[in-house]
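One file, entry-v3.csv, carrying CSV, C-alpha atoms:
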chain,number,residue,atom,x,y,z
A,1,MET,CA,97.8,90.5,114.4
A,2,LEU,CA,96.7,90.3,110.8
A,3,LYS,CA,96.7,93.5,108.8
A,4,LEU,CA,93.6,94.3,106.9
A,5,VAL,CA,92.2,97.0,104.6
A,6,ASP,CA,88.5,97.9,104.5
A,7,SER,CA,88.3,98.9,100.8
A,8,HIS,CA,84.7,100.3,101.1
A,9,ALA,CA,83.2,101.9,104.2
A,10,HIS,CA,80.8,104.8,104.8
A,11,ILE,CA,82.3,105.4,108.2
A,12,TYR,CA,81.5,109.2,107.9
A,13,SER,CA,77.7,108.4,107.7
A,14,GLU,CA,75.1,109.6,110.2
A,15,GLU,CA,75.0,106.1,111.7
A,16,PHE,CA,78.4,106.8,113.3
A,17,LYS,CA,77.6,110.3,114.5
A,18,GLU,CA,77.7,109.3,118.2
A,19,ASP,CA,80.7,106.9,118.3
A,20,GLN,CA,82.8,107.4,115.2
A,21,ALA,CA,86.1,107.7,117.0
A,22,ALA,CA,85.3,104.6,119.0
A,23,ALA,CA,84.4,102.7,115.8
A,24,VAL,CA,87.7,103.7,114.1
A,25,ALA,CA,89.7,102.7,117.2
A,26,LYS,CA,87.9,99.4,117.4
A,27,ALA,CA,88.7,98.8,113.7
A,28,ALA,CA,92.4,99.5,114.4
A,29,GLU,CA,92.3,97.0,117.3
A,30,ALA,CA,90.8,94.4,114.9
A,31,GLY,CA,93.7,94.9,112.5
A,32,VAL,CA,92.0,97.2,110.0
A,33,GLU,CA,94.7,99.7,109.2
A,34,LYS,CA,93.1,101.6,106.4
A,35,ILE,CA,89.4,102.5,105.7
A,36,TYR,CA,88.6,103.7,102.2
A,37,MET,CA,85.5,106.0,102.1
A,38,PRO,CA,83.4,106.2,98.9
A,39,ASN,CA,81.5,109.4,98.3
A,40,ILE,CA,77.8,109.5,97.7
A,41,ASP,CA,77.0,113.1,96.3
A,42,HIS,CA,77.5,116.7,97.3
A,43,THR,CA,75.8,116.2,100.7
A,44,SER,CA,78.4,113.6,101.9
A,45,ILE,CA,81.6,115.5,101.0
A,46,ASP,CA,81.9,117.6,104.2
A,47,ALA,CA,81.4,114.7,106.5
A,48,MET,CA,83.8,112.5,104.6
A,49,LEU,CA,86.6,115.1,104.5
A,50,GLU,CA,86.0,115.9,108.2
A,51,THR,CA,86.5,112.2,108.9
A,52,GLU,CA,89.7,112.2,106.9
A,53,ALA,CA,90.9,115.2,108.9
A,54,ALA,CA,90.1,113.5,112.2
A,55,PHE,CA,91.9,110.2,111.2
A,56,PRO,CA,94.6,111.2,108.7
A,57,GLY,CA,96.2,108.2,106.9
A,58,GLN,CA,93.6,105.9,108.4
A,59,CYS,CA,90.3,107.1,106.7
A,60,ILE,CA,90.9,107.8,103.1
A,61,PRO,CA,88.4,109.5,100.8
A,62,MET,CA,87.3,108.8,97.2
A,63,MET,CA,85.3,111.2,95.0
A,64,GLY,CA,82.3,110.2,92.9
A,65,LEU,CA,78.5,110.2,92.4
A,66,HIS,CA,76.5,107.2,93.7
A,67,PRO,CA,74.0,105.9,91.1
A,68,THR,CA,71.0,106.0,93.4
A,69,TYR,CA,71.6,109.7,93.8
A,70,VAL,CA,71.6,110.3,90.0
A,71,THR,CA,68.6,112.4,89.1
A,72,LYS,CA,67.8,114.8,86.2
A,73,ASP,CA,70.3,117.4,87.4
A,74,PHE,CA,73.2,114.8,87.7
A,75,GLU,CA,75.4,117.0,85.5
A,76,ARG,CA,75.7,119.6,88.3
A,77,GLU,CA,76.8,116.8,90.7
A,78,LEU,CA,79.4,115.6,88.2
A,79,TYR,CA,80.9,119.1,87.7
A,80,LEU,CA,81.4,119.1,91.5
A,81,VAL,CA,83.1,115.7,91.4
A,82,GLU,CA,85.4,116.9,88.6
A,83,GLU,CA,86.1,120.1,90.5
A,84,TRP,CA,87.2,118.2,93.6
A,85,LEU,CA,89.3,115.7,91.6
A,86,ASN,CA,91.2,118.7,90.1
A,87,LYS,CA,91.6,120.3,93.5
A,88,ARG,CA,93.2,117.7,95.7
A,89,PRO,CA,94.2,114.0,95.8
A,90,PHE,CA,91.6,111.2,96.3
A,91,ALA,CA,92.2,107.5,96.4
A,92,ALA,CA,89.7,106.6,93.7
A,93,VAL,CA,86.7,107.7,91.6
A,94,GLY,CA,83.5,106.4,93.3
A,95,GLU,CA,81.3,105.1,94.3
A,96,CYS,CA,79.6,105.0,91.0
A,97,GLY,CA,77.9,102.6,88.7
A,98,ILE,CA,74.3,101.5,88.0
A,99,ASP,CA,71.6,100.5,90.5
A,100,LEU,CA,68.4,99.0,89.0
A,101,TYR,CA,67.2,97.6,92.4
A,102,TRP,CA,65.4,100.7,93.8
A,103,ASP,CA,64.3,102.6,90.8
A,104,LYS,CA,64.9,102.5,87.0
A,105,THR,CA,63.6,106.0,86.3
A,106,PHE,CA,67.0,107.5,85.8
A,107,PHE,CA,68.7,104.5,84.1
A,108,PRO,CA,69.8,106.5,81.1
A,109,GLN,CA,71.2,109.3,83.3
A,110,GLN,CA,73.0,106.6,85.5
A,111,GLN,CA,74.6,105.2,82.3
A,112,GLU,CA,75.7,108.7,81.3
A,113,ALA,CA,77.1,109.5,84.8
A,114,LEU,CA,79.1,106.2,84.8
A,115,LYS,CA,80.6,107.0,81.4
A,116,VAL,CA,81.7,110.4,82.6
A,117,GLN,CA,83.2,108.9,85.7
A,118,LEU,CA,85.0,106.2,83.8
A,119,GLU,CA,86.7,108.9,81.7
A,120,LEU,CA,87.5,110.9,84.9
A,121,ALA,CA,89.2,107.8,86.3
A,122,LYS,CA,91.3,107.5,83.2
A,123,LYS,CA,92.1,111.2,83.1
A,124,HIS,CA,93.3,111.2,86.7
A,125,ASN,CA,94.9,107.7,86.6
A,126,LEU,CA,92.7,106.6,89.5
A,127,PRO,CA,90.9,103.3,90.2
A,128,ILE,CA,87.1,103.3,89.9
A,129,ILE,CA,84.8,101.8,92.5
A,130,LEU,CA,81.7,100.2,90.9
A,131,HIS,CA,78.2,99.7,92.4
A,132,THR,CA,76.3,97.1,90.4
A,133,ARG,CA,73.1,96.2,92.3
A,134,ASP,CA,70.8,94.3,90.0
A,135,SER,CA,72.9,95.7,87.1
A,136,PHE,CA,76.1,93.6,86.6
A,137,ASP,CA,75.6,93.2,82.9
A,138,GLU,CA,74.7,96.8,82.3
A,139,THR,CA,77.7,98.1,84.2
A,140,TYR,CA,80.1,95.6,82.8
A,141,GLU,CA,79.1,96.6,79.2
A,142,LEU,CA,80.0,100.2,79.8
A,143,VAL,CA,83.3,99.4,81.7
A,144,ALA,CA,84.3,96.9,79.0
A,145,ALA,CA,83.7,99.6,76.3
A,146,ALA,CA,85.8,102.1,78.2
A,147,GLN,CA,88.6,99.7,79.0
A,148,ASP,CA,91.7,100.8,77.1
A,149,GLY,CA,94.2,98.9,79.3
A,150,THR,CA,94.5,101.7,81.9
A,151,LEU,CA,91.2,101.3,83.8
A,152,ARG,CA,91.4,99.5,87.1
A,153,GLY,CA,89.2,99.2,90.1
A,154,ILE,CA,86.7,97.2,92.1
A,155,PHE,CA,83.4,95.6,91.4
A,156,HIS,CA,82.3,96.5,94.9
A,157,CYS,CA,79.9,94.2,96.9
A,158,PHE,CA,80.4,91.4,94.4
A,159,SER,CA,77.7,88.8,94.7
A,160,GLY,CA,77.6,87.5,91.1
A,161,THR,CA,78.2,84.1,89.4
A,162,ALA,CA,81.4,82.3,88.6
A,163,GLU,CA,80.9,83.5,85.0
A,164,GLN,CA,80.6,87.1,86.1
A,165,ALA,CA,83.7,86.7,88.3
A,166,ALA,CA,85.6,85.6,85.2
A,167,LYS,CA,84.4,88.7,83.4
A,168,VAL,CA,85.6,90.9,86.2
A,169,LYS,CA,89.1,89.3,86.0
A,170,GLU,CA,89.2,89.7,82.2
A,171,LEU,CA,88.7,93.4,82.7
A,172,ASN,CA,91.6,93.4,85.1
A,173,PHE,CA,89.4,94.5,87.9
A,174,LEU,CA,89.1,93.2,91.5
A,175,MET,CA,86.0,91.9,93.3
A,176,GLY,CA,85.1,93.5,96.7
A,177,ILE,CA,83.9,90.8,99.1
A,178,GLY,CA,81.9,91.8,102.1
A,179,GLY,CA,79.3,90.6,104.6
A,180,VAL,CA,77.3,88.8,101.8
A,181,ALA,CA,79.9,86.1,101.9
A,182,THR,CA,78.7,85.1,105.4
A,183,PHE,CA,75.0,85.0,104.4
A,184,LYS,CA,73.4,81.5,104.1
A,185,ASN,CA,72.0,82.2,100.7
A,186,GLY,CA,74.5,84.9,99.6
A,187,GLY,CA,75.7,82.7,96.7
A,188,LEU,CA,79.4,83.3,97.2
A,189,ASP,CA,80.0,79.8,98.5
A,190,LYS,CA,79.6,78.7,94.9
A,191,VAL,CA,81.9,81.3,93.5
A,192,LEU,CA,84.8,81.9,95.9
A,193,PRO,CA,86.2,78.4,95.6
A,194,HIS,CA,86.7,79.0,91.9
A,195,VAL,CA,88.5,82.4,92.0
A,196,ALA,CA,92.0,83.4,93.0
A,197,LEU,CA,92.9,85.5,96.0
A,198,GLU,CA,94.8,87.8,93.7
A,199,ASP,CA,91.4,89.0,92.4
A,200,LEU,CA,89.9,90.0,95.7
A,201,VAL,CA,89.8,92.8,98.2
A,202,LEU,CA,87.8,92.8,101.4
A,203,GLU,CA,85.2,95.4,102.4
A,204,THR,CA,82.4,96.0,104.9
A,205,ASP,CA,80.2,98.6,103.1
A,206,CYS,CA,79.4,99.8,106.6
A,207,PRO,CA,76.9,100.7,108.0
A,208,TYR,CA,75.2,98.3,105.6
A,209,LEU,CA,75.4,94.5,105.1
A,210,ALA,CA,76.7,93.5,108.5
A,211,PRO,CA,78.2,90.0,108.4
A,212,VAL,CA,76.7,87.1,110.4
A,213,PRO,CA,76.2,87.1,113.5
A,214,HIS,CA,75.5,90.9,113.3
A,215,ARG,CA,73.2,90.7,110.2
A,216,GLY,CA,70.5,93.3,110.4
A,217,LYS,CA,72.5,95.5,112.8
A,218,ARG,CA,74.8,98.4,112.0
A,219,ASN,CA,77.9,97.2,110.2
A,220,GLU,CA,81.4,98.6,111.0
A,221,PRO,CA,85.0,98.1,109.9
A,222,ALA,CA,85.8,96.1,113.1
A,223,TYR,CA,83.7,93.3,111.6
A,224,LEU,CA,86.0,92.8,108.7
A,225,PRO,CA,87.8,89.8,110.3
A,226,LEU,CA,84.4,88.0,110.1
A,227,VAL,CA,84.5,88.4,106.4
A,228,LEU,CA,88.1,87.3,106.3
A,229,LYS,CA,87.3,84.2,108.2
A,230,ARG,CA,84.5,83.2,105.9
A,231,VAL,CA,86.5,83.9,102.8
A,232,ALA,CA,89.4,81.7,104.1
A,233,GLU,CA,86.9,78.9,104.9
A,234,LEU,CA,85.3,79.0,101.4
A,235,MET,CA,88.6,79.2,99.6
A,236,GLN,CA,90.4,76.7,101.9
A,237,LYS,CA,93.2,79.1,102.7
A,238,THR,CA,94.5,80.3,106.0
A,239,GLU,CA,93.3,83.6,107.4
A,240,GLY,CA,96.9,84.8,107.2
A,241,GLU,CA,97.1,84.1,103.4
A,242,VAL,CA,93.8,85.8,102.8
A,243,ALA,CA,94.8,88.8,104.9
A,244,THR,CA,98.2,89.2,103.3
A,245,ILE,CA,97.1,88.9,99.7
A,246,THR,CA,93.9,91.0,99.9
A,247,THR,CA,95.8,93.7,101.8
A,248,GLN,CA,98.5,93.7,99.1
A,249,ASN,CA,95.9,93.9,96.4
A,250,ALA,CA,94.3,96.9,98.0
A,251,GLN,CA,97.7,98.6,98.5
A,252,ASN,CA,98.6,97.9,94.8
A,253,LEU,CA,95.3,99.2,93.6
A,254,PHE,CA,95.3,102.4,95.7
A,255,LYS,CA,99.0,102.8,95.1
A,256,LEU,CA,99.8,103.2,98.8
This entry written out as structure tokens:
Amino acid sequence: MLKLVDSHAHIYSEEFKEDQAAAVAKAAEAGVEKIYMPNIDHTSIDAMLETEAAFPGQCIPMMGLHPTYVTKDFERELYLVEEWLNKRPFAAVGECGIDLYWDKTFFPQQQEALKVQLELAKKHNLPIILHTRDSFDETYELVAAAQDGTLRGIFHCFSGTAEQAAKVKELNFLMGIGGVATFKNGGLDKVLPHVALEDLVLETDCPYLAPVPHRGKRNEPAYLPLVLKRVAELMQKTEGEVATITTQNAQNLFKL
């Protein structure tokens, strides 16, 4: 069986309250050996750490502040993020970044929060996981300004252009590819043939963005092979090649 890493999954969320253990077991049966969990804000920490405790070595937490949860008192949230990063190990700083899809009210605060988290990633020598919905250029600008050769991480849920993919590579970051790759008008069919497997990791972003044929339903880590299959088709590689290299990329990034 192919070994896979889900580099971005909210498996601790409410949507898995009834059947979390079954979902994690199903993922393992599908070859998903590791599930990396991005944090949202102070309200998600307990559920995330409880999930880690229930599935040690399998569900691995990150620590950060999600941009759509950045409000006027974001500094308080960031103190908490920093406190946790000083207290115990996490796999990465994240999920953080900029989101201009839902609401632009706190755009300046989102920029400030990202700058702080980029510095935290450098300070703790951790990868950073970037959310860039409707904000690739704005996020890229801040990451490029902070890149001193030590920053590494993932542009999660990448659905940009070939030019943007080249920019991610220049920064020495990876692209997280998920269910969007299976969408008819997702756009990745025009991008993936022009990138290298060395620049990709796979993700589900569950419970969101379920791949076809589950689109519109709850996503889960067990669906990662559907993403793998589509990536292999678009890149004209075998599923084995895609699995081996993307898993290795995730292991190198998270320093397993």
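Considering the residues A:Lys115, A:Lys229, A:Lys167, A:His194 and counting only C-alpha atoms, A:Leu142 has its shortest atom-to-atom contact with A:Lys115.
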- [ ] Please indicate the distance in Å from atom CA of A:Leu253 to atom CA of A:Gly153, rounded to one decimal place.
- [x]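 Distance between the two atoms: 7.0 Å.
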Task: Nearest-residue call for A:Pro225, choices A:Ile98, A:Ile129, A:Ile177, A:Ile45, using only C-alpha atoms - done: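 Distance minimum relative to A:Pro225 lands on A:Ile177.
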Task: For atom CA of A:Glu138 and atom CA of A:Glu83, the interatomic separation in Å (one decimal) - done: 27.2 Å
Open item on the list: Considering only C-alpha atoms, can you say which of A:Thr51, A:Lys104, A:Ala196, A:Gln110 comes closest to A:Leu78?
Closed with: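 Under the stated criterion, the closest residue is A:Gln110.
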- [ ] Compile the contact shell of A:Glu220 as a ChimeraX atom specification: residues with an atom at most 10 Å away, counting all atoms listed in the file, same-chain residues fewer than 6 positions apart removed.
- [x] /A:6,9-11,15-16,20,23-24,26-27,203-211,214
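We find atom CA of A:Ala92 and atom CA of A:Thr43 to be spaced 18.3 Å apart.
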Open item on the list: Residues within 12 Å of A:Glu163, please, as an MDAnalysis selection string. Count all atoms listed in the file; anything in the same chain fewer than 5 positions from it doesn't count.
Closed with: chainID A and resid 136:137 168:170 190:192 194:195
TODO: May I ask which of the residues A:Tyr79, A:Phe90, A:Tyr69, A:Phe155 is the closest one to A:Asn125, counting only C-alpha atoms?
DONE: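 Smallest separation from A:Asn125 among the options: A:Phe90.
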TODO: Return the single residue from A:Lys17, A:Gln236, A:Glu77, A:Glu95 that is closest to A:Tyr36, with distances computed using all atoms listed in the file.
DONE: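 Using all atoms listed in the file, A:Tyr36 sits closest to A:Glu95.
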- [ ] Do a neighbour search on stretch 54-67 of chain A at 8 Å with all atoms listed in the file, toss out local chain neighbours closer than 6 positions, and write the hits as a list in words.
- [x]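 Listed by chain and then number, they are Glu33, Lys34, Ile35, Tyr36, Met37, Pro38, Asn39, Ile40, Asp41, Met48, Glu77, Leu78, Val81, Trp84, Leu85, Phe90, Ala91, Ala92, Val93, Gly94, Glu95, Cys96, Gly97, Ile98, Asp99, Gln110, Ala113, Gln117 and His131 of chain A.
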Where atoms are missing, can you supply all heavy atoms for stretch 209-220 of chain A and output the lot as a PDB file, keeping the file's coordinate frame?
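Contents of result.pdb, as written:
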ATOM      1  N   LEU A 209      74.942  95.879 105.328  1.00  0.00           N
ATOM      2  CA  LEU A 209      75.400  94.500 105.100  1.00  0.00           C
ATOM      3  C   LEU A 209      76.302  93.907 106.125  1.00  0.00           C
ATOM      4  O   LEU A 209      77.338  93.325 105.806  1.00  0.00           O
ATOM      5  CB  LEU A 209      76.071  94.425 103.683  1.00  0.00           C
ATOM      6  CG  LEU A 209      75.174  94.728 102.485  1.00  0.00           C
ATOM      7  CD1 LEU A 209      75.996  94.838 101.211  1.00  0.00           C
ATOM      8  CD2 LEU A 209      74.103  93.652 102.316  1.00  0.00           C
ATOM      9  N   ALA A 210      75.924  94.056 107.376  1.00  0.00           N
ATOM     10  CA  ALA A 210      76.700  93.500 108.500  1.00  0.00           C
ATOM     11  C   ALA A 210      76.832  91.968 108.305  1.00  0.00           C
ATOM     12  O   ALA A 210      75.845  91.307 107.983  1.00  0.00           O
ATOM     13  CB  ALA A 210      76.131  93.836 109.816  1.00  0.00           C
ATOM     14  N   PRO A 211      78.018  91.419 108.534  1.00  0.00           N
ATOM     15  CA  PRO A 211      78.200  90.000 108.400  1.00  0.00           C
ATOM     16  C   PRO A 211      77.485  89.235 109.574  1.00  0.00           C
ATOM     17  O   PRO A 211      77.249  89.816 110.640  1.00  0.00           O
ATOM     18  CB  PRO A 211      79.690  89.772 108.475  1.00  0.00           C
ATOM     19  CG  PRO A 211      80.207  90.962 109.213  1.00  0.00           C
ATOM     20  CD  PRO A 211      79.283  92.088 108.897  1.00  0.00           C
ATOM     21  N   VAL A 212      77.187  87.967 109.349  1.00  0.00           N
ATOM     22  CA  VAL A 212      76.700  87.100 110.400  1.00  0.00           C
ATOM     23  C   VAL A 212      77.795  87.043 111.494  1.00  0.00           C
ATOM     24  O   VAL A 212      78.966  86.957 111.145  1.00  0.00           O
ATOM     25  CB  VAL A 212      76.424  85.687 109.827  1.00  0.00           C
ATOM     26  CG1 VAL A 212      76.071  84.694 110.924  1.00  0.00           C
ATOM     27  CG2 VAL A 212      75.312  85.774 108.775  1.00  0.00           C
ATOM     28  N   PRO A 213      77.528  87.143 112.771  1.00  0.00           N
ATOM     29  CA  PRO A 213      76.200  87.100 113.500  1.00  0.00           C
ATOM     30  C   PRO A 213      75.593  88.459 113.723  1.00  0.00           C
ATOM     31  O   PRO A 213      74.668  88.551 114.520  1.00  0.00           O
ATOM     32  CB  PRO A 213      76.621  86.447 114.799  1.00  0.00           C
ATOM     33  CG  PRO A 213      77.989  87.006 115.067  1.00  0.00           C
ATOM     34  CD  PRO A 213      78.647  87.154 113.724  1.00  0.00           C
ATOM     35  N   HIS A 214      76.061  89.511 113.041  1.00  0.00           N
ATOM     36  CA  HIS A 214      75.500  90.900 113.300  1.00  0.00           C
ATOM     37  C   HIS A 214      74.511  91.262 112.212  1.00  0.00           C
ATOM     38  O   HIS A 214      74.119  92.424 112.148  1.00  0.00           O
ATOM     39  CB  HIS A 214      76.652  91.886 113.335  1.00  0.00           C
ATOM     40  CG  HIS A 214      77.723  91.549 114.315  1.00  0.00           C
ATOM     41  ND1 HIS A 214      77.542  91.657 115.674  1.00  0.00           N
ATOM     42  CD2 HIS A 214      78.990  91.084 114.136  1.00  0.00           C
ATOM     43  CE1 HIS A 214      78.659  91.291 116.302  1.00  0.00           C
ATOM     44  NE2 HIS A 214      79.538  90.935 115.380  1.00  0.00           N
ATOM     45  N   ARG A 215      74.112  90.328 111.374  1.00  0.00           N
ATOM     46  CA  ARG A 215      73.200  90.700 110.200  1.00  0.00           C
ATOM     47  C   ARG A 215      71.993  91.404 110.715  1.00  0.00           C
ATOM     48  O   ARG A 215      71.378  91.039 111.717  1.00  0.00           O
ATOM     49  CB  ARG A 215      72.821  89.380 109.500  1.00  0.00           C
ATOM     50  CG  ARG A 215      72.174  89.712 108.171  1.00  0.00           C
ATOM     51  CD  ARG A 215      71.903  88.488 107.337  1.00  0.00           C
ATOM     52  NE  ARG A 215      71.276  88.910 106.081  1.00  0.00           N
ATOM     53  CZ  ARG A 215      70.891  88.096 105.133  1.00  0.00           C
ATOM     54  NH1 ARG A 215      71.057  86.800 105.262  1.00  0.00           N
ATOM     55  NH2 ARG A 215      70.338  88.567 104.022  1.00  0.00           N
ATOM     56  N   GLY A 216      71.663  92.480 110.000  1.00  0.00           N
ATOM     57  CA  GLY A 216      70.500  93.300 110.400  1.00  0.00           C
ATOM     58  C   GLY A 216      70.813  94.423 111.303  1.00  0.00           C
ATOM     59  O   GLY A 216      70.006  95.319 111.505  1.00  0.00           O
ATOM     60  N   LYS A 217      72.026  94.398 111.881  1.00  0.00           N
ATOM     61  CA  LYS A 217      72.500  95.500 112.800  1.00  0.00           C
ATOM     62  C   LYS A 217      73.385  96.422 111.974  1.00  0.00           C
ATOM     63  O   LYS A 217      73.716  96.159 110.824  1.00  0.00           O
ATOM     64  CB  LYS A 217      73.162  94.940 113.990  1.00  0.00           C
ATOM     65  CG  LYS A 217      72.290  94.009 114.834  1.00  0.00           C
ATOM     66  CD  LYS A 217      72.977  93.719 116.161  1.00  0.00           C
ATOM     67  CE  LYS A 217      72.116  92.824 117.052  1.00  0.00           C
ATOM     68  NZ  LYS A 217      72.282  91.401 116.759  1.00  0.00           N
ATOM     69  N   ARG A 218      73.847  97.478 112.622  1.00  0.00           N
ATOM     70  CA  ARG A 218      74.800  98.400 112.000  1.00  0.00           C
ATOM     71  C   ARG A 218      76.124  97.661 111.725  1.00  0.00           C
ATOM     72  O   ARG A 218      76.687  97.043 112.622  1.00  0.00           O
ATOM     73  CB  ARG A 218      75.047  99.611 112.863  1.00  0.00           C
ATOM     74  CG  ARG A 218      75.976 100.631 112.206  1.00  0.00           C
ATOM     75  CD  ARG A 218      76.400 101.731 113.165  1.00  0.00           C
ATOM     76  NE  ARG A 218      77.418 101.302 114.108  1.00  0.00           N
ATOM     77  CZ  ARG A 218      78.052 102.098 114.951  1.00  0.00           C
ATOM     78  NH1 ARG A 218      77.760 103.384 114.984  1.00  0.00           N
ATOM     79  NH2 ARG A 218      78.962 101.639 115.786  1.00  0.00           N
ATOM     80  N   ASN A 219      76.603  97.753 110.533  1.00  0.00           N
ATOM     81  CA  ASN A 219      77.900  97.200 110.200  1.00  0.00           C
ATOM     82  C   ASN A 219      79.001  98.178 110.559  1.00  0.00           C
ATOM     83  O   ASN A 219      78.751  99.387 110.623  1.00  0.00           O
ATOM     84  CB  ASN A 219      77.952  96.847 108.709  1.00  0.00           C
ATOM     85  CG  ASN A 219      79.079  95.888 108.355  1.00  0.00           C
ATOM     86  OD1 ASN A 219      79.796  95.397 109.223  1.00  0.00           O
ATOM     87  ND2 ASN A 219      79.219  95.612 107.075  1.00  0.00           N
ATOM     88  N   GLU A 220      80.216  97.684 110.787  1.00  0.00           N
ATOM     89  CA  GLU A 220      81.400  98.600 111.000  1.00  0.00           C
ATOM     90  C   GLU A 220      82.657  97.913 110.627  1.00  0.00           C
ATOM     91  O   GLU A 220      82.721  96.683 110.517  1.00  0.00           O
ATOM     92  CB  GLU A 220      81.379  99.021 112.497  1.00  0.00           C
ATOM     93  CG  GLU A 220      81.321  97.933 113.535  1.00  0.00           C
ATOM     94  CD  GLU A 220      81.317  98.523 114.941  1.00  0.00           C
ATOM     95  OE1 GLU A 220      82.412  98.842 115.431  1.00  0.00           O
ATOM     96  OE2 GLU A 220      80.232  98.674 115.535  1.00  0.00           O
TER      97      GLU A 220
END
